[in-house]
Amino acid sequence: IKKRKYRKYVFIVAFLRRKNPQFLILHRIKNWKGWELPKGGLKEGEIESKCLKREIREEIGNKYEIIAKTKHFIKYKFPKGFLKDNHIFFGAKGYVYLVELFSKRVKIDRSEHDKYLWVSKDEAMEILTHKNHKNALEYVWKYHKLS
């Protein structure tokens, strides 16, 4: 039996520190439509920390500080036959990082996302498309003091 390959990812809970913290969510248009947390797959031979910084640069383009690599892990399956970077991957898996941003200005990658929102935790819980992203936000909210 061929081993099912999961692509390694970094998932990002990006926030602005306020009395009521604001979270960044992105509206995805590439491969599917819906709201998600910033995320990205590791390139061949790339280490997690380098991928994280590249994704922040590509998808957010903002001054930031990496607060924590959380203990929260996301793993999910791709649609059948999903091709990514010329490989058939069974799904994605990776840790959630908590990243503080210092400006509301965001530079999104227009090939992947067409808009973004700054929202409260409660708004994010209503708007995010996938349960695993909601769970990641819940985890960060519970275990990391953000206000």
# chains A, B, ... in the order shown; residues from 1 in each chain; ligands from 1
call {"tool": "residues_around", "arguments": {"residues": "Tyr95 (chain A)", "least_positions_apart": "2", "cutoff": "10 Å", "atoms": "only C-alpha atoms", "output": "mmCIF file with C-alpha atoms, in the first residue's frame"}}
result
data_model
loop_
_atom_site.group_PDB
_atom_site.id
_atom_site.type_symbol
_atom_site.label_atom_id
_atom_site.label_comp_id
_atom_site.auth_asym_id
_atom_site.auth_seq_id
_atom_site.Cartn_x
_atom_site.Cartn_y
_atom_site.Cartn_z
ATOM 1 C CA LYS A 8 3.093 20.109 5.413
ATOM 2 C CA TYR A 9 1.490 23.467 6.094
ATOM 3 C CA VAL A 10 1.656 26.413 8.448
ATOM 4 C CA PHE A 11 -1.633 27.912 9.617
ATOM 5 C CA ILE A 12 -1.641 31.479 10.913
ATOM 6 C CA GLU A 48 8.629 25.644 8.774
ATOM 7 C CA LYS A 69 4.028 28.053 17.522
ATOM 8 C CA THR A 70 0.974 26.648 19.270
ATOM 9 C CA LYS A 71 0.362 23.031 20.184
ATOM 10 C CA HIS A 72 -2.730 23.078 17.971
ATOM 11 C CA PHE A 73 -2.422 20.819 14.914
ATOM 12 C CA ILE A 74 -4.669 20.800 11.844
ATOM 13 C CA LYS A 75 -4.969 17.846 9.478
ATOM 14 C CA LYS A 93 -1.283 18.981 7.993
ATOM 15 C CA TYR A 97 1.165 29.880 14.594
ATOM 16 C CA LEU A 98 0.073 32.950 16.479
ATOM 17 C CA ALA A 136 -7.651 26.820 15.685
#
call {"tool": "residues_around", "arguments": {"residues": "Tyr64 (chain A)", "least_positions_apart": "3", "cutoff": "10 Å", "atoms": "only C-alpha atoms", "output": "count of residues only"}}
result
14
call {"tool": "residues_around", "arguments": {"residues": "region 111-115 of chain A", "least_positions_apart": "2", "cutoff": "10 Å", "atoms": "only C-alpha atoms", "output": "number ranges by chain"}}
result
A: 25-36, 38, 59, 106-109, 117
call {"tool": "select_by_dssp", "arguments": {"residues": "region 6-130 of chain A", "states": "alpha helix (DSSP H)", "output": "PyMOL selection string"}}
result
chain A and resi 48-59+121-127
call {"tool": "residues_around", "arguments": {"residues": "Ala124 (chain A)", "least_positions_apart": "4", "cutoff": "8 Å", "atoms": "only C-alpha atoms", "output": "ChimeraX atom specification"}}
result
/A:23,25,119-120,128,134
call {"tool": "select_by_dssp", "arguments": {"residues": "chain A", "states": "strand (DSSP E)", "output": "number ranges by chain"}}
result
A: 6-16, 22-28, 34-36, 39-41, 64-77, 83-84, 87-88, 91-101, 113-119
call {"tool": "residues_around", "arguments": {"residues": "Leu146 (chain A)", "least_positions_apart": "6", "cutoff": "9 Å", "atoms": "only C-alpha atoms", "output": "JSON, numbers by chain"}}
result
{"A": [15, 16, 17, 18, 19, 20, 21, 140]}
call {"tool": "closest_residue", "arguments": {"among": "A:Val13, A:Tyr116, A:Gly91, A:Arg105", "to": "Leu37 (chain A)", "atoms": "only C-alpha atoms"}}
result
A:Val13
